[in-house]
Amino acid sequence: MSDAREEILDRVRSALAGTTASPEPVASPPGVAAGPDTLDVFCERVADYRAVVERCSPDEVAARVTAALPEGDVVVPEGLSVEVPGARVDDGLSATDLDAVAAVVTDCRVAVAETGTIVLDHGLGQGRRAISLVPDVHVCVVRADQVVPDVPDALALLDAGRPQTWVSGPSATSDIELDRVEGVHGPRTLHVVVVETAGG
Amino acid sequence: MSRTFVGMPAFPEAARAALGDTRLRHNLAHATGTIRAKRARVVEEVDGWEDLRVAGAAVKDRALHGLDEHLLTLERTLTEAGATVHWARDAAEACAVVARVAKDHDAREVVKVKSMATQEIGLEEALAAEGVAAWETDLAELIVQLGEDLPSHILVPAIHKGRAEIREIFLRRMAAAGRPAPDDLTDEPAVLAAAAREHLREKFLRARVAVSGANFAVAETGTLVVVESEGNGRMCLTLPEVLVSVVGIEKVVPTWAELDPLLRLLPRSSTGERMNPYTSSWSGVTPGDGPQEVHVVLLDNGRTRALADEVGRQALRCIRCSACLNVCPVYERVGGHAYGSVYPGPIGAILNPLLHGPGDPRDDALPYASSLCGACFEVCPVRIDIPEVLVHLRTQVVDAHRDDPVPKPEALAMRGTGWAFGDASRLGLAEKASGLAGRVLGRLGRSALPGGRRAAGRLPGPGAAWTGARDLPAPPAESFRDWWARTDGGRTEEDRLEEGRAGEGPAVRGRTEADDEPGGAR
């Protein structure tokens, strides 16, 4: 295979003879600026995807999360910010085990207002990628101070070395007549609980 | 080398057949109309969309112009992150890598994320020949696979199928591939999607090897990015033990921050959403999370050939959003199959010839599958000037035939025209002949163009193909040069026009008076 490597690189170099590449990264135009309505925009745009969104104060979170859970087993990652009574902490459940679980509760790493996106980097409080994928209901706790205005703000905060999942609403498809339908392989219900901190 | 649709005729013939399929035209008009409206709405709400396009194009150009360096960086960062990097010059080499990985794990089946690169290299067929079943997990790909059909759109390969046809395919074919469709299946899109969920879930849960492509490969960090909607991508990228990603070398993005314009441009251009439901990124192996054996196949398969074409290389900026398909008046009428490749539409019309080079009659026909209206360039999120490349490729096709022992009729006609136009007296004779033809056609022409000018129907001989879809206007009875000589450069005719206008005078005045009356204007 090293032959293929050398040959491809040679082909690239001869194709580019006389071309110089810009050494500096391209500066992207700035995204939407932060404003007093950033959090409102986030909630509105998440709801646009037909996800459930609710806002609450820090002392209401546990009750709101519990109320959002369906009948059945619940799995949570280690280090979740909220106490979920009766939930099983993930200790390496198999995919088949997870398929029998009704819901998962996670925190997130950052959220993007402009696009209504929640980003998990699968650190503490978020768990392995599989646990927020296989169960049919995903309840996600977002702190108001985690919401940034636009995509570039999120990229700047994220570590490219960590696995990431950007979630914008429940699983959906446009594959039948290019019309959007919610609910295919990922969680069919996304329930976002936004925790408003003092002044936020 | 690359997957083309075996047995498919060249574009003009395939297009003629497609145009006769009224159901296809209905499905396409409905789907492209829906997506055009959605795209327009979400692009409209972004301030400075044009600046984003410029930045997106600049990022991809920077990546392409320093591609050798970025590929070496990517190889290093991927390896450091625990991935095994393979290089594949062509489709056969890439398929061989995937087959070897599957066999090393005694896998008789793999699950696949929708990926244009794996479609392009014909991976499904190659694996089948090795006794490995590759299950498509994207809904549209599943429809195409179960229906033993061909993809016809980059984003939605089953765009040519309506919901009733999809229901039929699920009812008839799902059982042979695994879990059957429920008996009470309706043609509601949500019900069809739920059937796909049930059918594929058992495959996701038991699969040990997955195959994906990547939308972006960040050199600086060794991060691959997959953009999707349904969650089938997440399933394949997360649950199996082994993951092989086939990545075209043009997917490189130099730095993590430079993903920004692309992640803002792609979903709005593609599905007309502010953001697609799921974007996954990973860098090699993450202990305890996801596949613990990760392979990346860096694929050339004609890309370096396209890169060497200084005008055509911009096609490698393509991020496979398919906006150009959705706005193309040609695509909307003939659909994707007529292009004879997994890359249809305007981008396919330039990408296929660039990847393969001139010579194949099917590729050579593609640069002509366009009216050069330019709608594709206008919507392209990375500003690929598709019309410019189409014209450039037409030149290449013509140049490739200059030394043919038997010239094409068009070349003969051009040579004849060149000869006649090269000399004033020859031109005069040609004009007299054309004027005579014009007078004859003016009397005999069956059809008339808007404005009343007579037109010829179908020409005989080599002109038949040209007039098959066009009206040939009858040549004017008098040539410009004759008119110039007769009217002294238009001076004597102007006098006549002046007289004509004077005669119309009262009518014009009458209209003006009426308009001046209060309430006279409607």
# chains A, B, ... in the order shown; residues from 1 in each chain; ligands from 1
>>> select_by_dssp(residues="range 5-178 of chain B", states="strand (DSSP E)", output="list in words")
Ala83, Thr84, Val85, His86, Trp87, Ala88, Glu109, Val110, Val111, Lys112, Ala133, Ala134, Trp135 and Glu136 of chain B
>>> interface_residues(of="chain B", to="chain A", cutoff="7 Å", atoms="only C-alpha atoms", output="compact mmCIF listing (two decimals) with C-alpha atoms, in the first residue's frame")
# COMPACT_ATOMS: atom_id res chain seq x y z
CA ALA B 31 -39.72 16.96 -4.47
CA THR B 34 -40.48 21.39 -1.87
CA ILE B 35 -36.77 21.55 -1.21
CA ASP B 51 -19.67 36.17 2.69
CA LEU B 52 -20.18 32.67 4.03
CA ALA B 55 -15.33 31.77 3.01
CA ALA B 58 -11.72 29.80 0.30
CA VAL B 59 -11.44 27.02 2.89
CA ARG B 62 -6.83 26.37 0.67
CA HIS B 65 -3.99 23.95 -3.07
CA GLY B 66 -1.94 22.47 -0.24
CA LEU B 67 -3.43 19.00 -0.49
CA ASP B 68 -0.18 17.00 -0.28
CA TRP B 87 -4.30 4.81 0.62
CA ALA B 88 -6.26 3.71 -2.44
CA ARG B 89 -5.41 4.82 -5.97
CA LEU B 139 -33.82 5.31 4.36
CA ALA B 140 -33.48 6.35 0.73
CA VAL B 156 -32.12 11.56 -1.55
CA ILE B 159 -36.20 10.94 -4.97
CA GLY B 162 -43.30 8.37 -4.49
CA ARG B 163 -44.68 7.17 -1.17
CA PRO B 189 -44.14 8.87 5.44
CA ALA B 190 -44.03 8.54 9.25
CA ALA B 193 -40.00 5.58 8.42
CA ALA B 194 -41.13 3.55 11.45
CA ARG B 197 -36.59 1.74 12.01
CA LEU B 205 -27.62 -4.27 17.19
CA THR B 221 -6.82 17.22 14.48
CA THR B 223 -11.18 14.40 13.06
CA SER B 229 -30.46 13.17 9.64
CA GLU B 230 -31.87 9.83 10.66
CA GLY B 231 -29.47 8.51 13.26
CA ASN B 232 -28.44 5.55 11.11
CA THR B 238 -21.06 4.04 17.46
CA LEU B 239 -22.28 0.47 17.96
CA TRP B 256 -10.93 22.56 13.06
CA ALA B 257 -11.97 26.25 13.06
CA GLU B 258 -12.26 26.19 9.26
CA ASP B 260 -17.23 26.79 10.55
CA PRO B 261 -18.36 28.17 7.21
CA ARG B 274 -30.75 25.48 9.95
CA MET B 275 -28.86 22.40 11.08
CA ASN B 276 -29.23 18.75 10.19
CA PRO B 277 -30.50 16.54 13.06
CA TYR B 278 -27.18 14.80 13.75
CA THR B 279 -23.53 15.59 13.12
CA SER B 280 -20.99 13.11 14.47
CA SER B 281 -17.27 13.69 14.74
CA TRP B 282 -14.56 11.40 16.00
CA SER B 283 -10.83 11.18 15.99
CA ASP B 289 -16.67 4.59 23.57
CA GLY B 290 -17.52 3.47 20.04
CA ASP B 300 -7.96 9.08 -5.13
CA THR B 304 -5.86 13.96 -8.70
CA LEU B 307 -7.02 18.51 -9.47
CA ALA B 308 -4.64 18.80 -12.41
>>> atom_distance(atom1="CA of Phe5 in chain B", atom2="CA of Ala464 in chain B")
27.8 Å
>>> atom_distance(atom1="CA of Val101 in chain B", atom2="CA of Gln292 in chain B")
13.3 Å
>>> atom_distance(atom1="CA of Arg36 in chain B", atom2="CA of Gly272 in chain B")
7.9 Å
>>> decode(residues="range 15-151 of chain A", atoms="C-alpha atoms", output="PDB file, in the first residue's frame")
ATOM      1  CA  ALA A  15      -1.294  18.380 -10.352  1.00  0.00           C
ATOM      2  CA  LEU A  16      -0.494  21.359  -8.151  1.00  0.00           C
ATOM      3  CA  ALA A  17       2.788  22.359  -9.794  1.00  0.00           C
ATOM      4  CA  GLY A  18       2.947  26.149  -9.808  1.00  0.00           C
ATOM      5  CA  THR A  19       0.066  26.560  -7.316  1.00  0.00           C
ATOM      6  CA  THR A  20       0.679  28.086  -3.927  1.00  0.00           C
ATOM      7  CA  ALA A  21      -1.644  27.482  -1.027  1.00  0.00           C
ATOM      8  CA  SER A  22      -2.521  30.161   1.461  1.00  0.00           C
ATOM      9  CA  PRO A  23      -0.618  29.439   4.698  1.00  0.00           C
ATOM     10  CA  GLU A  24      -3.137  31.230   6.926  1.00  0.00           C
ATOM     11  CA  PRO A  25      -6.435  29.667   7.978  1.00  0.00           C
ATOM     12  CA  VAL A  26      -9.466  31.299   6.368  1.00  0.00           C
ATOM     13  CA  ALA A  27     -11.258  33.690   8.702  1.00  0.00           C
ATOM     14  CA  SER A  28     -14.951  32.906   8.582  1.00  0.00           C
ATOM     15  CA  PRO A  29     -17.440  35.769   8.742  1.00  0.00           C
ATOM     16  CA  PRO A  30     -18.619  36.298  12.303  1.00  0.00           C
ATOM     17  CA  GLY A  31     -21.763  34.504  13.385  1.00  0.00           C
ATOM     18  CA  VAL A  32     -24.795  36.048  14.996  1.00  0.00           C
ATOM     19  CA  ALA A  33     -23.830  38.286  17.944  1.00  0.00           C
ATOM     20  CA  ALA A  34     -24.923  37.538  21.498  1.00  0.00           C
ATOM     21  CA  GLY A  35     -27.972  39.451  22.605  1.00  0.00           C
ATOM     22  CA  PRO A  36     -30.548  39.567  25.361  1.00  0.00           C
ATOM     23  CA  ASP A  37     -32.726  37.180  23.344  1.00  0.00           C
ATOM     24  CA  THR A  38     -30.088  34.497  22.686  1.00  0.00           C
ATOM     25  CA  LEU A  39     -31.756  32.052  25.048  1.00  0.00           C
ATOM     26  CA  ASP A  40     -35.209  32.767  23.592  1.00  0.00           C
ATOM     27  CA  VAL A  41     -33.878  32.124  20.095  1.00  0.00           C
ATOM     28  CA  PHE A  42     -32.379  28.839  21.251  1.00  0.00           C
ATOM     29  CA  CYS A  43     -35.647  27.630  22.766  1.00  0.00           C
ATOM     30  CA  GLU A  44     -37.645  28.740  19.742  1.00  0.00           C
ATOM     31  CA  ARG A  45     -35.346  27.009  17.283  1.00  0.00           C
ATOM     32  CA  VAL A  46     -35.186  23.752  19.247  1.00  0.00           C
ATOM     33  CA  ALA A  47     -38.984  23.777  19.341  1.00  0.00           C
ATOM     34  CA  ASP A  48     -39.030  24.352  15.552  1.00  0.00           C
ATOM     35  CA  TYR A  49     -37.583  20.871  15.134  1.00  0.00           C
ATOM     36  CA  ARG A  50     -40.563  19.538  17.068  1.00  0.00           C
ATOM     37  CA  ALA A  51     -38.521  18.816  20.150  1.00  0.00           C
ATOM     38  CA  VAL A  52     -40.047  19.532  23.572  1.00  0.00           C
ATOM     39  CA  VAL A  53     -38.453  22.534  25.275  1.00  0.00           C
ATOM     40  CA  GLU A  54     -39.094  23.856  28.741  1.00  0.00           C
ATOM     41  CA  ARG A  55     -37.370  26.421  30.903  1.00  0.00           C
ATOM     42  CA  CYS A  56     -37.062  26.220  34.671  1.00  0.00           C
ATOM     43  CA  SER A  57     -35.082  27.446  37.658  1.00  0.00           C
ATOM     44  CA  PRO A  58     -32.247  25.367  39.144  1.00  0.00           C
ATOM     45  CA  ASP A  59     -34.370  24.030  42.011  1.00  0.00           C
ATOM     46  CA  GLU A  60     -37.049  22.781  39.629  1.00  0.00           C
ATOM     47  CA  VAL A  61     -34.756  20.751  37.343  1.00  0.00           C
ATOM     48  CA  ALA A  62     -35.004  17.377  39.070  1.00  0.00           C
ATOM     49  CA  ALA A  63     -38.796  17.477  39.091  1.00  0.00           C
ATOM     50  CA  ARG A  64     -39.020  18.604  35.462  1.00  0.00           C
ATOM     51  CA  VAL A  65     -36.667  15.832  34.335  1.00  0.00           C
ATOM     52  CA  THR A  66     -38.582  13.186  36.255  1.00  0.00           C
ATOM     53  CA  ALA A  67     -41.856  14.434  34.802  1.00  0.00           C
ATOM     54  CA  ALA A  68     -40.406  14.198  31.268  1.00  0.00           C
ATOM     55  CA  LEU A  69     -39.543  10.505  31.600  1.00  0.00           C
ATOM     56  CA  PRO A  70     -41.781   7.817  30.138  1.00  0.00           C
ATOM     57  CA  GLU A  71     -42.660   4.511  31.818  1.00  0.00           C
ATOM     58  CA  GLY A  72     -39.784   2.051  31.875  1.00  0.00           C
ATOM     59  CA  ASP A  73     -36.089   1.875  32.614  1.00  0.00           C
ATOM     60  CA  VAL A  74     -33.948   4.990  32.564  1.00  0.00           C
ATOM     61  CA  VAL A  75     -30.206   5.126  32.056  1.00  0.00           C
ATOM     62  CA  VAL A  76     -27.981   8.012  33.110  1.00  0.00           C
ATOM     63  CA  PRO A  77     -24.264   8.690  32.646  1.00  0.00           C
ATOM     64  CA  GLU A  78     -21.828   9.015  35.485  1.00  0.00           C
ATOM     65  CA  GLY A  79     -21.633  12.532  36.874  1.00  0.00           C
ATOM     66  CA  LEU A  80     -25.066  13.717  35.687  1.00  0.00           C
ATOM     67  CA  SER A  81     -25.897  17.139  37.140  1.00  0.00           C
ATOM     68  CA  VAL A  82     -29.388  16.039  38.147  1.00  0.00           C
ATOM     69  CA  GLU A  83     -30.504  13.309  40.521  1.00  0.00           C
ATOM     70  CA  VAL A  84     -32.850  10.886  38.723  1.00  0.00           C
ATOM     71  CA  PRO A  85     -34.406   8.485  41.228  1.00  0.00           C
ATOM     72  CA  GLY A  86     -34.383   4.843  40.147  1.00  0.00           C
ATOM     73  CA  ALA A  87     -32.178   5.456  37.095  1.00  0.00           C
ATOM     74  CA  ARG A  88     -29.406   3.052  36.251  1.00  0.00           C
ATOM     75  CA  VAL A  89     -25.936   4.533  35.914  1.00  0.00           C
ATOM     76  CA  ASP A  90     -24.300   3.304  32.707  1.00  0.00           C
ATOM     77  CA  ASP A  91     -21.565   0.805  33.451  1.00  0.00           C
ATOM     78  CA  GLY A  92     -20.925  -0.397  29.918  1.00  0.00           C
ATOM     79  CA  LEU A  93     -24.408  -1.652  28.992  1.00  0.00           C
ATOM     80  CA  SER A  94     -24.509  -3.554  25.701  1.00  0.00           C
ATOM     81  CA  ALA A  95     -26.450  -2.217  22.732  1.00  0.00           C
ATOM     82  CA  THR A  96     -29.086  -4.888  23.307  1.00  0.00           C
ATOM     83  CA  ASP A  97     -29.402  -3.843  26.966  1.00  0.00           C
ATOM     84  CA  LEU A  98     -29.790  -0.233  25.886  1.00  0.00           C
ATOM     85  CA  ASP A  99     -32.477  -1.211  23.389  1.00  0.00           C
ATOM     86  CA  ALA A 100     -34.607  -2.330  26.334  1.00  0.00           C
ATOM     87  CA  VAL A 101     -34.158   1.025  28.082  1.00  0.00           C
ATOM     88  CA  ALA A 102     -36.946   3.573  27.613  1.00  0.00           C
ATOM     89  CA  ALA A 103     -35.068   6.825  28.189  1.00  0.00           C
ATOM     90  CA  VAL A 104     -31.743   8.492  28.841  1.00  0.00           C
ATOM     91  CA  VAL A 105     -30.950  11.728  30.671  1.00  0.00           C
ATOM     92  CA  THR A 106     -27.746  13.630  29.857  1.00  0.00           C
ATOM     93  CA  ASP A 107     -26.120  17.004  30.299  1.00  0.00           C
ATOM     94  CA  CYS A 108     -24.472  18.698  27.294  1.00  0.00           C
ATOM     95  CA  ARG A 109     -21.215  20.484  26.522  1.00  0.00           C
ATOM     96  CA  VAL A 110     -22.505  23.533  24.646  1.00  0.00           C
ATOM     97  CA  ALA A 111     -25.644  24.631  22.785  1.00  0.00           C
ATOM     98  CA  VAL A 112     -26.078  26.845  19.711  1.00  0.00           C
ATOM     99  CA  ALA A 113     -28.963  29.340  19.657  1.00  0.00           C
ATOM    100  CA  GLU A 114     -28.967  30.209  15.943  1.00  0.00           C
ATOM    101  CA  THR A 115     -29.395  26.598  14.857  1.00  0.00           C
ATOM    102  CA  GLY A 116     -31.154  25.129  17.920  1.00  0.00           C
ATOM    103  CA  THR A 117     -28.352  22.626  18.371  1.00  0.00           C
ATOM    104  CA  ILE A 118     -27.141  20.750  21.455  1.00  0.00           C
ATOM    105  CA  VAL A 119     -23.583  19.449  21.365  1.00  0.00           C
ATOM    106  CA  LEU A 120     -22.447  16.482  23.445  1.00  0.00           C
ATOM    107  CA  ASP A 121     -18.745  15.768  23.725  1.00  0.00           C
ATOM    108  CA  HIS A 122     -19.468  12.651  25.765  1.00  0.00           C
ATOM    109  CA  GLY A 123     -17.564  13.767  28.826  1.00  0.00           C
ATOM    110  CA  LEU A 124     -18.745  13.618  32.436  1.00  0.00           C
ATOM    111  CA  GLY A 125     -22.523  13.903  32.731  1.00  0.00           C
ATOM    112  CA  GLN A 126     -22.995  12.994  29.060  1.00  0.00           C
ATOM    113  CA  GLY A 127     -21.774   9.421  28.842  1.00  0.00           C
ATOM    114  CA  ARG A 128     -20.768   7.170  25.982  1.00  0.00           C
ATOM    115  CA  ARG A 129     -22.231   7.897  22.546  1.00  0.00           C
ATOM    116  CA  ALA A 130     -24.374   4.747  22.630  1.00  0.00           C
ATOM    117  CA  ILE A 131     -26.423   5.685  25.693  1.00  0.00           C
ATOM    118  CA  SER A 132     -27.859   8.863  24.156  1.00  0.00           C
ATOM    119  CA  LEU A 133     -28.561   7.053  20.886  1.00  0.00           C
ATOM    120  CA  VAL A 134     -30.318   3.728  21.424  1.00  0.00           C
ATOM    121  CA  PRO A 135     -33.093   4.660  23.930  1.00  0.00           C
ATOM    122  CA  ASP A 136     -36.149   6.226  22.302  1.00  0.00           C
ATOM    123  CA  VAL A 137     -36.414   9.248  24.613  1.00  0.00           C
ATOM    124  CA  HIS A 138     -33.506  11.635  25.235  1.00  0.00           C
ATOM    125  CA  VAL A 139     -33.915  14.184  28.010  1.00  0.00           C
ATOM    126  CA  CYS A 140     -31.120  16.741  27.855  1.00  0.00           C
ATOM    127  CA  VAL A 141     -30.350  19.307  30.524  1.00  0.00           C
ATOM    128  CA  VAL A 142     -28.920  22.565  29.163  1.00  0.00           C
ATOM    129  CA  ARG A 143     -27.701  25.326  31.482  1.00  0.00           C
ATOM    130  CA  ALA A 144     -28.477  28.798  30.189  1.00  0.00           C
ATOM    131  CA  ASP A 145     -24.807  29.760  30.356  1.00  0.00           C
ATOM    132  CA  GLN A 146     -23.962  26.904  27.966  1.00  0.00           C
ATOM    133  CA  VAL A 147     -25.939  28.492  25.145  1.00  0.00           C
ATOM    134  CA  VAL A 148     -23.760  30.379  22.658  1.00  0.00           C
ATOM    135  CA  PRO A 149     -25.102  32.476  19.774  1.00  0.00           C
ATOM    136  CA  ASP A 150     -23.777  30.698  16.684  1.00  0.00           C
ATOM    137  CA  VAL A 151     -21.761  27.810  15.235  1.00  0.00           C
TER     138      VAL A 151
END
